[in-house]
file my_file-v2.txt (compact mmCIF, C-alpha atoms)
# COMPACT_ATOMS: atom_id res chain seq x y z
CA MET A 1 -53.30 14.95 32.26
CA ASN A 2 -54.32 11.54 30.95
CA VAL A 3 -58.05 11.28 31.60
CA VAL A 4 -60.05 8.09 31.07
CA VAL A 5 -63.71 8.79 30.30
CA VAL A 6 -65.94 5.81 31.06
CA ASP A 7 -69.55 5.71 29.88
CA ASP A 8 -71.45 2.98 28.08
CA ASP A 9 -73.44 5.53 26.09
CA PRO A 10 -71.40 6.50 23.02
CA VAL A 11 -72.92 9.98 22.76
CA VAL A 12 -72.32 10.95 26.39
CA ARG A 13 -68.83 9.46 26.16
CA LEU A 14 -68.08 11.49 23.03
CA VAL A 15 -69.27 14.75 24.61
CA LEU A 16 -67.22 14.17 27.77
CA ALA A 17 -64.13 13.07 25.87
CA ARG A 18 -64.31 16.07 23.56
CA ALA A 19 -64.84 18.39 26.53
CA VAL A 20 -61.83 16.92 28.36
CA GLY A 21 -59.71 17.19 25.20
CA SER A 22 -60.84 20.76 24.70
CA LEU A 23 -59.51 21.61 28.19
CA GLY A 24 -56.02 20.53 27.11
CA HIS A 25 -55.99 16.99 28.47
CA VAL A 26 -55.61 13.64 26.75
CA ALA A 27 -59.02 11.93 26.77
CA LEU A 28 -59.08 8.13 26.66
CA PRO A 29 -62.64 6.92 26.04
CA ALA A 30 -63.74 3.59 27.51
CA ASP A 31 -67.12 1.97 26.98
CA THR A 32 -66.79 -0.33 29.99
CA ALA A 33 -65.09 -0.31 33.38
CA GLU A 34 -62.98 -3.25 32.19
CA VAL A 35 -61.53 -1.19 29.35
CA ALA A 36 -60.85 1.65 31.81
CA LEU A 37 -59.01 -0.76 34.16
CA ASP A 38 -56.89 -1.88 31.25
CA TYR A 39 -55.83 1.73 30.63
CA VAL A 40 -54.97 2.17 34.31
CA ARG A 41 -52.87 -0.99 34.31
CA ARG A 42 -51.03 -0.23 31.09
CA MET A 43 -50.26 3.48 31.38
CA THR A 44 -50.05 6.43 33.71
CA ILE A 45 -53.58 7.67 34.25
CA ASP A 46 -54.18 10.84 36.27
CA VAL A 47 -57.95 10.98 36.29
CA VAL A 48 -60.86 8.62 35.70
CA ILE A 49 -64.29 10.13 35.05
CA SER A 50 -66.79 7.31 35.28
CA ASP A 51 -70.51 6.83 34.96
CA TRP A 52 -72.13 4.97 37.84
CA LEU A 53 -74.42 2.56 36.06
CA MET A 54 -72.79 0.38 33.41
CA PRO A 55 -73.04 -3.22 32.27
CA GLY A 56 -70.28 -5.29 33.87
CA LEU A 57 -68.46 -3.50 36.67
CA ASN A 58 -70.19 -0.30 37.77
CA GLY A 59 -68.42 2.97 38.52
CA LEU A 60 -68.07 2.25 42.22
CA GLN A 61 -66.58 -1.19 41.63
CA LEU A 62 -64.19 0.33 39.11
CA CYS A 63 -63.04 2.80 41.76
CA GLN A 64 -62.53 0.00 44.28
CA GLU A 65 -60.54 -2.03 41.74
CA ILE A 66 -58.28 0.95 41.06
CA ARG A 67 -57.79 1.68 44.77
CA SER A 68 -56.87 -1.95 45.50
CA ARG A 69 -53.90 -1.85 43.11
CA ASP A 70 -50.46 -1.89 44.64
CA ALA A 71 -49.21 1.21 42.86
CA MET A 72 -47.67 4.47 43.97
CA GLU A 73 -49.33 6.56 41.27
CA TYR A 74 -52.54 8.10 42.48
CA VAL A 75 -55.57 7.98 40.21
CA TYR A 76 -58.05 10.79 40.87
CA PHE A 77 -61.51 9.31 40.56
CA MET A 78 -64.58 11.30 39.55
CA LEU A 79 -67.97 9.63 39.60
CA VAL A 80 -70.84 10.92 37.46
CA THR A 81 -74.19 10.47 39.15
CA ALA A 82 -77.77 11.46 38.39
CA HIS A 83 -79.02 14.80 39.65
CA ASP A 84 -81.15 13.35 42.46
CA ASP A 85 -78.74 10.62 43.43
CA ARG A 86 -77.30 11.76 46.74
CA GLU A 87 -77.07 8.24 48.12
CA HIS A 88 -74.80 7.07 45.32
CA ALA A 89 -72.65 10.17 45.69
CA MET A 90 -72.25 9.50 49.41
CA ALA A 91 -71.50 5.80 48.89
CA GLY A 92 -69.01 6.73 46.18
CA ILE A 93 -67.04 9.19 48.29
CA ALA A 94 -67.03 6.70 51.18
CA ALA A 95 -65.58 4.06 48.85
CA GLY A 96 -62.65 6.19 47.71
CA VAL A 97 -64.17 8.39 45.00
CA ASP A 98 -62.56 11.87 45.02
CA ASP A 99 -65.32 13.88 43.44
CA CYS A 100 -68.87 13.54 42.16
CA LEU A 101 -70.18 15.20 39.03
CA VAL A 102 -73.88 15.56 38.37
CA LYS A 103 -75.39 14.54 35.04
CA PRO A 104 -75.57 16.22 32.59
CA VAL A 105 -72.05 17.40 33.23
CA ASP A 106 -71.74 21.18 33.24
CA LEU A 107 -68.63 22.06 31.25
CA PHE A 108 -67.56 24.99 33.40
CA ASP A 109 -67.94 22.76 36.43
CA LEU A 110 -65.85 20.08 34.72
CA ARG A 111 -63.10 22.60 34.05
CA LEU A 112 -62.97 23.61 37.74
CA ARG A 113 -63.02 20.03 38.98
CA LEU A 114 -60.19 19.05 36.63
CA MET A 115 -58.11 21.95 37.94
CA VAL A 116 -58.56 20.58 41.45
CA ALA A 117 -57.76 17.09 40.20
CA GLU A 118 -54.54 18.34 38.64
CA ARG A 119 -53.47 19.95 41.90
CA VAL A 120 -54.20 16.80 43.91
CA THR A 121 -52.50 14.40 41.49
CA ASP A 122 -49.49 16.72 41.34
CA LEU A 123 -49.27 16.62 45.13
CA HIS A 124 -49.49 12.83 45.13
CA ARG A 125 -46.79 12.66 42.47
CA ARG A 126 -44.42 14.84 44.50
CA LEU A 127 -45.07 12.73 47.60
CA ALA A 128 -44.35 9.55 45.66
CA GLU A 129 -41.11 11.05 44.33
CA ARG A 130 -40.02 12.06 47.81
CA GLN A 131 -40.88 8.59 49.07
CA ARG A 132 -38.79 7.00 46.33
CA GLY A 133 -35.93 9.39 47.16
CA LEU A 134 -36.08 8.37 50.82
CA GLU A 135 -36.05 4.70 49.93
CA ARG A 136 -33.03 5.27 47.69
CA THR A 137 -31.25 7.12 50.50
CA ASN A 138 -32.02 4.30 52.93
CA VAL A 139 -30.48 1.78 50.57
CA GLU A 140 -27.41 3.99 50.12
CA VAL A 141 -27.04 4.55 53.86
CA ALA A 142 -27.32 0.82 54.49
CA ALA A 143 -24.60 0.16 51.89
CA THR A 144 -22.34 2.92 53.22
CA ALA A 145 -22.67 1.62 56.76
CA ARG A 146 -21.22 -1.68 55.54
CA LEU A 147 -18.28 -0.24 53.66
CA ASP A 148 -14.75 0.32 54.91
CA PRO A 149 -14.05 3.90 53.83
CA LEU A 150 -10.30 3.44 53.36
CA THR A 151 -10.21 0.31 51.22
CA GLY A 152 -13.72 0.32 49.76
CA LEU A 153 -14.07 -3.31 50.86
CA GLY A 154 -16.81 -4.56 53.14
CA ASN A 155 -16.35 -3.80 56.84
CA ARG A 156 -16.75 -6.09 59.86
CA LEU A 157 -20.53 -5.57 59.97
CA LYS A 158 -20.89 -6.58 56.33
CA MET A 159 -18.53 -9.48 56.92
CA SER A 160 -20.50 -10.97 59.81
CA GLU A 161 -23.79 -10.56 57.89
CA ASP A 162 -22.38 -12.20 54.78
CA LEU A 163 -20.71 -15.03 56.70
CA GLU A 164 -24.10 -15.86 58.20
CA VAL A 165 -25.58 -16.01 54.70
CA PHE A 166 -22.71 -18.26 53.50
CA ARG A 167 -23.09 -20.43 56.59
CA SER A 168 -26.86 -20.92 56.18
CA ARG A 169 -26.40 -21.69 52.47
CA ARG A 170 -23.82 -24.28 53.45
CA ASP A 171 -26.16 -25.86 55.99
CA ARG A 172 -29.20 -25.81 53.75
CA TYR A 173 -27.79 -26.59 50.33
CA HIS A 174 -24.41 -28.12 51.24
CA GLN A 175 -22.58 -25.37 49.37
CA PRO A 176 -19.00 -25.36 50.67
CA PHE A 177 -17.08 -22.17 51.24
CA GLY A 178 -13.78 -21.17 52.72
CA VAL A 179 -11.94 -18.15 54.04
CA ALA A 180 -8.48 -16.71 53.51
CA LEU A 181 -7.19 -14.29 56.13
CA PHE A 182 -4.43 -12.00 54.79
CA ASP A 183 -2.04 -9.82 56.71
CA ILE A 184 0.42 -7.32 55.26
CA ASP A 185 3.94 -8.37 56.21
CA HIS A 186 5.90 -5.91 58.38
CA PHE A 187 3.14 -3.36 58.20
CA LYS A 188 4.19 -1.70 61.45
CA SER A 189 7.67 -0.96 60.12
CA LEU A 190 6.11 0.53 56.98
CA ASN A 191 4.06 2.91 59.14
CA ASP A 192 7.06 3.70 61.31
CA ALA A 193 9.35 4.43 58.35
CA ALA A 194 6.99 6.30 56.04
CA GLY A 195 4.13 7.47 58.24
CA HIS A 196 0.53 6.42 58.62
CA LEU A 197 -0.58 8.08 55.39
CA ALA A 198 1.87 5.91 53.44
CA GLY A 199 0.59 2.92 55.40
CA ASP A 200 -3.00 3.79 54.43
CA ASP A 201 -1.94 4.16 50.85
CA ALA A 202 -0.26 0.74 50.80
CA LEU A 203 -3.38 -0.79 52.32
CA ARG A 204 -5.54 0.83 49.66
CA GLN A 205 -3.31 -0.49 46.88
CA VAL A 206 -3.29 -4.01 48.33
CA ALA A 207 -7.11 -3.93 48.59
CA SER A 208 -7.36 -2.87 44.96
CA VAL A 209 -5.12 -5.75 43.83
CA VAL A 210 -7.17 -8.20 45.92
CA ARG A 211 -10.42 -6.91 44.42
CA ARG A 212 -9.05 -7.36 40.90
CA GLU A 213 -8.29 -11.02 41.64
CA LEU A 214 -11.80 -11.84 42.88
CA ARG A 215 -14.69 -13.21 40.92
CA GLU A 216 -18.29 -12.06 41.17
CA ALA A 217 -19.28 -14.46 43.94
CA ASP A 218 -16.11 -13.91 46.00
CA MET A 219 -16.15 -11.37 48.79
CA ALA A 220 -13.42 -9.34 50.50
CA TYR A 221 -13.51 -7.44 53.78
CA ARG A 222 -11.23 -5.36 55.90
CA TYR A 223 -10.95 -7.58 58.94
CA GLY A 224 -8.70 -5.49 61.16
CA GLY A 225 -5.93 -2.89 60.86
CA GLU A 226 -3.91 -4.46 58.07
CA GLU A 227 -5.86 -7.71 57.81
CA LEU A 228 -8.18 -8.61 54.95
CA LEU A 229 -10.55 -11.54 54.80
CA VAL A 230 -11.56 -13.13 51.51
CA VAL A 231 -14.52 -15.53 51.34
CA LEU A 232 -14.98 -17.84 48.38
CA PRO A 233 -17.88 -20.23 47.66
CA ALA A 234 -15.55 -23.16 47.02
CA GLY A 235 -13.82 -26.09 48.69
CA VAL A 236 -10.65 -25.50 50.69
CA ARG A 237 -8.28 -26.46 47.82
CA ARG A 238 -9.73 -23.87 45.50
CA VAL A 239 -9.75 -21.26 48.25
CA ALA A 240 -6.08 -22.01 48.92
CA ALA A 241 -5.26 -21.72 45.22
CA ALA A 242 -7.06 -18.39 45.03
CA ALA A 243 -5.22 -17.16 48.13
CA GLU A 244 -1.93 -18.08 46.52
CA ARG A 245 -2.94 -16.25 43.33
CA ILE A 246 -3.77 -13.15 45.39
CA ARG A 247 -0.51 -13.37 47.35
CA LYS A 248 1.48 -13.53 44.13
CA ALA A 249 -0.50 -10.71 42.49
CA VAL A 250 0.27 -8.42 45.43
CA GLU A 251 3.94 -9.32 45.32
CA ASP A 252 3.99 -8.72 41.55
CA ALA A 253 2.29 -5.37 41.98
CA ALA A 254 5.59 -4.21 43.55
CA ILE A 255 4.08 -1.77 46.03
CA ALA A 256 7.05 -0.05 47.68
CA HIS A 257 7.76 -1.00 51.30
CA PRO A 258 10.16 1.62 52.65
CA GLY A 259 10.23 0.02 56.11
CA ARG A 260 12.09 -3.12 55.03
CA PRO A 261 15.81 -3.38 54.76
CA GLY A 262 17.39 -3.64 51.36
CA PRO A 263 16.69 -1.71 48.17
CA GLY A 264 13.57 -2.52 46.10
CA SER A 265 11.68 -4.26 48.84
CA VAL A 266 7.95 -4.56 48.22
CA VAL A 267 4.74 -5.16 50.15
CA THR A 268 3.90 -8.86 50.60
CA LEU A 269 1.08 -10.79 52.22
CA SER A 270 0.87 -13.82 54.46
CA ALA A 271 -2.35 -15.80 54.49
CA GLY A 272 -4.12 -18.46 56.50
CA VAL A 273 -6.77 -20.51 54.72
CA ALA A 274 -9.54 -22.54 56.32
CA GLY A 275 -12.50 -24.44 54.99
CA ALA A 276 -15.72 -23.28 56.60
CA GLU A 277 -16.41 -26.11 59.04
CA GLY A 278 -18.55 -25.61 62.09
CA ASP A 279 -19.47 -22.17 63.31
CA VAL A 280 -18.03 -18.86 62.13
CA GLN A 281 -15.85 -18.32 65.20
CA SER A 282 -14.13 -21.68 64.88
CA PHE A 283 -13.16 -21.47 61.20
CA LEU A 284 -12.03 -17.84 61.61
CA LEU A 285 -9.85 -19.00 64.47
CA ALA A 286 -8.49 -21.83 62.31
CA ALA A 287 -7.63 -19.35 59.56
CA ASP A 288 -5.99 -17.08 62.13
CA ASN A 289 -3.85 -19.97 63.41
CA ALA A 290 -2.81 -20.82 59.86
CA LEU A 291 -1.92 -17.17 59.28
CA TYR A 292 0.22 -17.26 62.40
CA ARG A 293 2.00 -20.31 60.98
CA ALA A 294 2.57 -18.50 57.68
CA LYS A 295 4.12 -15.63 59.57
CA SER A 296 6.35 -17.81 61.70
CA GLU A 297 7.50 -19.82 58.69
CA GLY A 298 8.92 -16.74 57.02
CA ARG A 299 5.98 -14.66 55.70
CA ASN A 300 4.91 -14.03 52.09
CA ARG A 301 3.22 -17.42 51.93
CA VAL A 302 -0.14 -19.16 52.26
CA MET A 303 -0.83 -21.88 54.83
CA VAL A 304 -3.92 -24.07 55.05
CA ALA A 305 -5.39 -24.66 58.47
CA THR A 306 -6.01 -28.41 58.38
CA GLN A 307 -2.63 -29.79 57.41
CA TRP A 308 -0.48 -26.72 57.92
CA ALA A 309 0.53 -27.36 54.37
CA ALA A 310 2.21 -24.74 52.27
CA VAL A 311 -0.01 -23.98 49.32
CA PRO A 312 2.18 -24.38 46.23
CA GLU A 313 2.29 -28.13 46.94
CA LEU A 314 -1.48 -28.24 47.34
CA ALA A 315 -2.15 -26.28 44.18
CA ALA A 316 0.16 -28.55 42.19
CA SER A 317 -1.78 -31.70 43.05
CA PRO A 318 -5.14 -32.29 41.21
CA MET B 1 -92.97 20.33 35.57
CA GLU B 2 -95.75 18.40 33.89
CA VAL B 3 -94.75 17.04 30.54
CA GLY B 4 -97.88 15.70 28.93
CA ALA B 5 -98.24 15.99 25.21
CA ALA B 6 -95.30 16.64 22.97
CA GLY B 7 -93.90 19.46 25.01
CA ILE B 8 -95.86 22.28 26.52
CA ALA B 9 -96.58 25.02 24.03
CA GLY B 10 -93.87 27.68 24.27
CA ASP B 11 -91.57 25.34 26.19
CA PRO B 12 -88.37 25.16 24.10
CA ALA B 13 -87.40 21.66 22.96
CA VAL B 14 -83.74 22.44 23.59
CA ASP B 15 -82.13 24.59 26.29
CA GLU B 16 -79.88 26.71 24.13
CA ALA B 17 -77.62 27.64 27.05
CA VAL B 18 -76.48 23.99 27.03
CA ILE B 19 -75.83 24.13 23.27
CA GLU B 20 -73.83 27.34 23.75
CA GLN B 21 -71.68 25.51 26.29
CA LEU B 22 -71.19 22.59 23.90
CA ALA B 23 -70.19 25.08 21.22
CA THR B 24 -67.17 26.11 23.33
CA ILE B 25 -65.69 22.59 23.02
CA THR B 26 -62.97 22.66 20.41
CA ASP B 27 -60.60 20.19 18.80
CA SER B 28 -56.83 20.44 19.02
CA GLU B 29 -56.85 22.99 16.19
CA GLY B 30 -59.32 25.20 18.05
CA PHE B 31 -62.32 24.45 15.83
CA SER B 32 -65.71 23.91 17.43
CA VAL B 33 -66.82 20.27 17.42
CA LEU B 34 -70.49 21.10 18.00
CA GLY B 35 -71.48 19.72 14.59
CA GLU B 36 -69.84 16.38 15.36
CA LEU B 37 -71.54 16.19 18.77
CA LEU B 38 -75.01 17.08 17.44
CA ASN B 39 -74.67 14.61 14.58
CA ALA B 40 -73.65 11.87 17.02
CA PHE B 41 -76.76 12.53 19.10
CA LEU B 42 -79.04 12.76 16.05
CA ALA B 43 -77.66 9.46 14.71
CA ALA B 44 -77.72 7.53 17.99
CA THR B 45 -81.13 8.57 19.29
CA PRO B 46 -83.30 6.92 16.59
CA VAL B 47 -81.43 3.68 17.31
CA ARG B 48 -82.34 3.97 21.00
CA LEU B 49 -85.96 4.79 20.13
CA ASP B 50 -86.14 1.70 17.86
CA ALA B 51 -84.75 -0.44 20.65
CA LEU B 52 -87.35 1.03 23.01
CA ASP B 53 -90.17 0.32 20.53
CA GLN B 54 -89.04 -3.27 20.12
CA ALA B 55 -88.65 -3.84 23.85
CA LEU B 56 -92.09 -2.38 24.48
CA ALA B 57 -93.64 -4.52 21.74
CA SER B 58 -92.15 -7.63 23.30
CA ARG B 59 -93.04 -6.35 26.80
CA ASP B 60 -89.40 -6.54 27.85
CA LEU B 61 -89.68 -3.87 30.53
CA PRO B 62 -86.16 -4.25 32.07
CA VAL B 63 -84.69 -3.41 28.66
CA VAL B 64 -87.10 -0.48 28.39
CA ALA B 65 -85.86 0.81 31.75
CA ASP B 66 -82.20 0.46 30.71
CA GLN B 67 -82.66 2.12 27.35
CA ALA B 68 -84.73 4.93 28.86
CA HIS B 69 -82.01 5.52 31.44
CA ALA B 70 -79.35 5.74 28.73
CA LEU B 71 -81.43 8.14 26.68
CA THR B 72 -82.01 10.34 29.75
CA GLY B 73 -78.28 10.91 29.99
CA SER B 74 -77.64 11.74 26.36
CA SER B 75 -80.73 13.94 25.87
CA ALA B 76 -79.93 15.89 29.03
CA SER B 77 -76.38 16.39 27.71
CA PHE B 78 -77.88 18.24 24.74
CA GLY B 79 -80.28 20.36 26.75
CA ALA B 80 -83.31 18.37 25.62
CA ARG B 81 -85.02 18.74 28.98
CA GLY B 82 -88.47 17.66 27.78
CA MET B 83 -87.01 14.49 26.31
CA ALA B 84 -85.02 13.76 29.44
CA ALA B 85 -88.14 14.19 31.58
CA LEU B 86 -90.11 11.83 29.34
CA CYS B 87 -87.29 9.28 29.52
CA ARG B 88 -87.36 9.42 33.31
CA ARG B 89 -91.13 8.90 33.24
CA LEU B 90 -90.70 6.01 30.83
CA ARG B 91 -88.11 4.38 33.05
CA ALA B 92 -90.33 4.75 36.10
CA ALA B 93 -93.28 3.23 34.24
CA ALA B 94 -91.14 0.33 33.08
CA GLU B 95 -89.81 -0.26 36.57
CA HIS B 96 -93.36 -0.28 37.93
CA GLY B 97 -94.42 -2.73 35.24
CA ASP B 98 -96.94 -0.22 33.88
CA HIS B 99 -96.96 -1.18 30.22
CA ASP B 100 -99.85 1.10 29.24
CA GLU B 101 -98.25 4.17 30.77
CA ALA B 102 -94.96 3.20 29.10
CA GLN B 103 -96.65 3.01 25.70
CA LEU B 104 -98.29 6.40 26.21
CA VAL B 105 -95.02 8.04 27.27
CA MET B 106 -93.26 6.39 24.31
CA ARG B 107 -95.61 8.12 21.86
CA HIS B 108 -94.86 11.48 23.51
CA LEU B 109 -91.15 10.67 23.39
CA HIS B 110 -91.24 10.10 19.61
CA ALA B 111 -93.04 13.39 19.10
CA GLU B 112 -90.69 15.25 21.43
CA PHE B 113 -87.64 13.89 19.62
CA LEU B 114 -89.03 15.26 16.34
CA ARG B 115 -89.20 18.72 17.98
CA VAL B 116 -85.70 18.35 19.38
CA ARG B 117 -84.33 17.15 16.08
CA ALA B 118 -85.86 20.05 14.19
CA ARG B 119 -84.27 22.49 16.61
CA LEU B 120 -80.86 20.80 16.58
CA VAL B 121 -80.82 20.54 12.79
CA THR B 122 -81.42 24.28 12.62
CA LEU B 123 -78.61 24.84 15.09
CA THR B 124 -76.18 22.64 13.11
CA ARG B 125 -76.98 24.61 9.95
CA ARG B 126 -76.47 27.84 11.81
CA GLY B 127 -73.15 26.57 13.15
CA ALA B 128 -71.98 25.42 9.73
call {"tool": "encode", "arguments": {"input": "my_file-v2.txt", "output": "structure tokens"}}
result
Amino acid sequence: MNVVVVDDDPVVRLVLARAVGSLGHVALPADTAEVALDYVRRMTIDVVISDWLMPGLNGLQLCQEIRSRDAMEYVYFMLVTAHDDREHAMAGIAAGVDDCLVKPVDLFDLRLRLMVAERVTDLHRRLAERQRGLERTNVEVAATARLDPLTGLGNRLKMSEDLEVFRSRRDRYHQPFGVALFDIDHFKSLNDAAGHLAGDDALRQVASVVRRELREADMAYRYGGEELLVVLPAGVRRVAAAAERIRKAVEDAAIAHPGRPGPGSVVTLSAGVAGAEGDVQSFLLAADNALYRAKSEGRNRVMVATQWAAVPELAASP
Amino acid sequence: MEVGAAGIAGDPAVDEAVIEQLATITDSEGFSVLGELLNAFLAATPVRLDALDQALASRDLPVVADQAHALTGSSASFGARGMAALCRRLRAAAEHGDHDEAQLVMRHLHAEFLRVRARLVTLTRRGA
């Protein structure tokens, strides 16, 4: 264990430090409580053995300082008091001291007390580890609960949470954002022709192409069965351009679509883009309407909600 | 226990059971560090006694009380019970503002330290 030995008398400090070292621990001598505190702040300290009466902070104040830290590591605190000093011993224990040693410190006694200290600090360490493990698990569970297991994209829960964050950022800092709602063309016929497993596989491949096309700040979610929503922190023109890039990337990926007539037909996407105006429901509805337009105009294309404009024209203008 | 003059005749200056305990303390190589500990005490104590003399001469009784308290701890750590008792008496005298008593106890303390030193020096030679 790392044991800080605090005593303003150099001779007593030397004896204690040597005794602690002789018992197989690392003794860190400190001539004041301030020096001891510095050790506690800078490194992992298992035990502090401190004299009561010292210039500057006394032993009790040192203990209180150590207890008030916001740290998981437990420091076992032993206070050394005079033989007839029951009041100080009582006050010490009440203030968070773990054990009191009587001066002059009996070495056999010290050995026993340090064995107890080791057991207690070990227990505290295991508790802290378990606590950290639980916190890690909680974080993982929270992340898993927001993940679509098939595509690895965010799910509806994650989507509504994130849209709220985007929306409040927009309202507070005037940061624009927009959404692109994608739908796999003729997905039902793919499922019918090749089975649901093939449909799942196509969906997974599309999601992976979409993810590759996104930047750090862009987000993608599985919106419904074969619908994906992409959110970008940008104005509607840039969102439309990104949607077009994604549409083309999926087409170029040449994912086989066995449900469509003709040899060599591949999976394509239609998309509806909307700038995020007003509340979440209204711009999602706008994107959905645009998607409907994209479908009815022949599929494999991107439409923007406001003007019902096809995107290649938009992207070409500055 | 009444500690009047420089120790009661037959009363050992140093409790050797304490020294035996100190002799069990070893360094990382397993060698006894008793010599180092005794030398530290023998070097530090005259400095404390000087400080006490000076504080007494200038009637600075709070300093006398502090120094006496410190010396109680270190002398007790080396089994010098007589010295520790005198230090406690000196501290009490200083705290009560009894300068005369403090001066008397101080003389006894000097004499008692000579006894303790003689014993410890013998023990260091024996250990070496």
call {"tool": "interface_residues", "arguments": {"input": "my_file-v2.txt", "of": "chain B", "to": "chain A", "cutoff": "8 Å", "atoms": "only C-alpha atoms", "output": "VMD selection string"}}
result
chain B and resid 21 to 22 25 to 28 33 37 40 to 41 44 70 73 to 74 76 to 77
call {"tool": "write_last_selection", "arguments": {"input": "my_file-v2.txt", "atoms": "C-alpha atoms", "output": "PDB file, in the frame of the given file"}}
result
ATOM      1  CA  GLN B  21     -71.680  25.510  26.290  1.00  0.00           C
ATOM      2  CA  LEU B  22     -71.190  22.590  23.900  1.00  0.00           C
ATOM      3  CA  ILE B  25     -65.690  22.590  23.020  1.00  0.00           C
ATOM      4  CA  THR B  26     -62.970  22.660  20.410  1.00  0.00           C
ATOM      5  CA  ASP B  27     -60.600  20.190  18.800  1.00  0.00           C
ATOM      6  CA  SER B  28     -56.830  20.440  19.020  1.00  0.00           C
ATOM      7  CA  VAL B  33     -66.820  20.270  17.420  1.00  0.00           C
ATOM      8  CA  LEU B  37     -71.540  16.190  18.770  1.00  0.00           C
ATOM      9  CA  ALA B  40     -73.650  11.870  17.020  1.00  0.00           C
ATOM     10  CA  PHE B  41     -76.760  12.530  19.100  1.00  0.00           C
ATOM     11  CA  ALA B  44     -77.720   7.530  17.990  1.00  0.00           C
ATOM     12  CA  ALA B  70     -79.350   5.740  28.730  1.00  0.00           C
ATOM     13  CA  GLY B  73     -78.280  10.910  29.990  1.00  0.00           C
ATOM     14  CA  SER B  74     -77.640  11.740  26.360  1.00  0.00           C
ATOM     15  CA  ALA B  76     -79.930  15.890  29.030  1.00  0.00           C
ATOM     16  CA  SER B  77     -76.380  16.390  27.710  1.00  0.00           C
TER      17      SER B  77
END
call {"tool": "residues_around", "arguments": {"input": "my_file-v2.txt", "residues": "range 101-104 of chain B", "least_positions_apart": "6", "cutoff": "9 Å", "atoms": "all atoms listed in the file", "output": "number ranges by chain"}}
result
B: 53, 56, 61, 64, 89-94
call {"tool": "atom_distance", "arguments": {"input": "my_file-v2.txt", "atom1": "CA of Leu110 in chain A", "atom2": "CA of Ala30 in chain A"}}
result
18.1 Å
call {"tool": "axis_aligned_box", "arguments": {"input": "my_file-v2.txt", "around": "range 25-37 of chain B", "padding_each_side": "4 Å", "output": "JSON"}}
result
{"center_x": -64.2, "center_y": 20.7, "center_z": 18.8, "size_x": 22.7, "size_y": 17.0, "size_z": 16.4}
call {"tool": "residues_around", "arguments": {"input": "my_file-v2.txt", "residues": "Pro62 in chain B", "least_positions_apart": "4", "cutoff": "9 Å", "atoms": "all atoms listed in the file", "output": "NGL selection string"}}
result
:B and (55 or 66-67 or 91 or 94-95 or 97)
call {"tool": "residues_around", "arguments": {"input": "my_file-v2.txt", "residues": "range 109-123 of chain B", "least_positions_apart": "5", "cutoff": "8 Å", "atoms": "only C-alpha atoms", "output": "ChimeraX atom specification"}}
result
/B:6-7,13-14,38,42,49,80,82-83,86-87
call {"tool": "residues_around", "arguments": {"input": "my_file-v2.txt", "residues": "Ala254 in chain A", "least_positions_apart": "5", "cutoff": "12 Å", "atoms": "all atoms listed in the file", "output": "list in words"}}
result
Ala202, Gln205, Val206, Val209, Arg247, Lys248, Ala249, Gly264, Ser265, Val266, Val267, Thr268 and Leu269 of chain A
call {"tool": "residues_around", "arguments": {"input": "my_file-v2.txt", "residues": "Val40 in chain A", "least_positions_apart": "5", "cutoff": "9 Å", "atoms": "all atoms listed in the file", "output": "PDB file with C-alpha atoms, keeping the file's coordinate frame"}}
result
ATOM      1  CA  VAL A   4     -60.050   8.090  31.070  1.00  0.00           C
ATOM      2  CA  VAL A  35     -61.530  -1.190  29.350  1.00  0.00           C
ATOM      3  CA  ILE A  45     -53.580   7.670  34.250  1.00  0.00           C
ATOM      4  CA  ASP A  46     -54.180  10.840  36.270  1.00  0.00           C
ATOM      5  CA  VAL A  48     -60.860   8.620  35.700  1.00  0.00           C
ATOM      6  CA  ILE A  66     -58.280   0.950  41.060  1.00  0.00           C
ATOM      7  CA  VAL A  75     -55.570   7.980  40.210  1.00  0.00           C
TER       8      VAL A  75
END
call {"tool": "atom_distance", "arguments": {"input": "my_file-v2.txt", "atom1": "CA of Gly178 in chain A", "atom2": "CA of Glu277 in chain A"}}
result
8.4 Å
call {"tool": "atom_distance", "arguments": {"input": "my_file-v2.txt", "atom1": "CA of Arg238 in chain A", "atom2": "CA of Phe177 in chain A"}}
result
9.5 Å
call {"tool": "closest_residue", "arguments": {"input": "my_file-v2.txt", "among": "B:Gly79, B:Ala65, B:Arg125, B:Thr72", "to": "His96 in chain B", "atoms": "all atoms listed in the file"}}
result
B:Ala65
call {"tool": "closest_residue", "arguments": {"input": "my_file-v2.txt", "among": "A:Ile246, A:Ile49, A:Met72, A:Ile93", "to": "Gln131 in chain A", "atoms": "only C-alpha atoms"}}
result
A:Met72
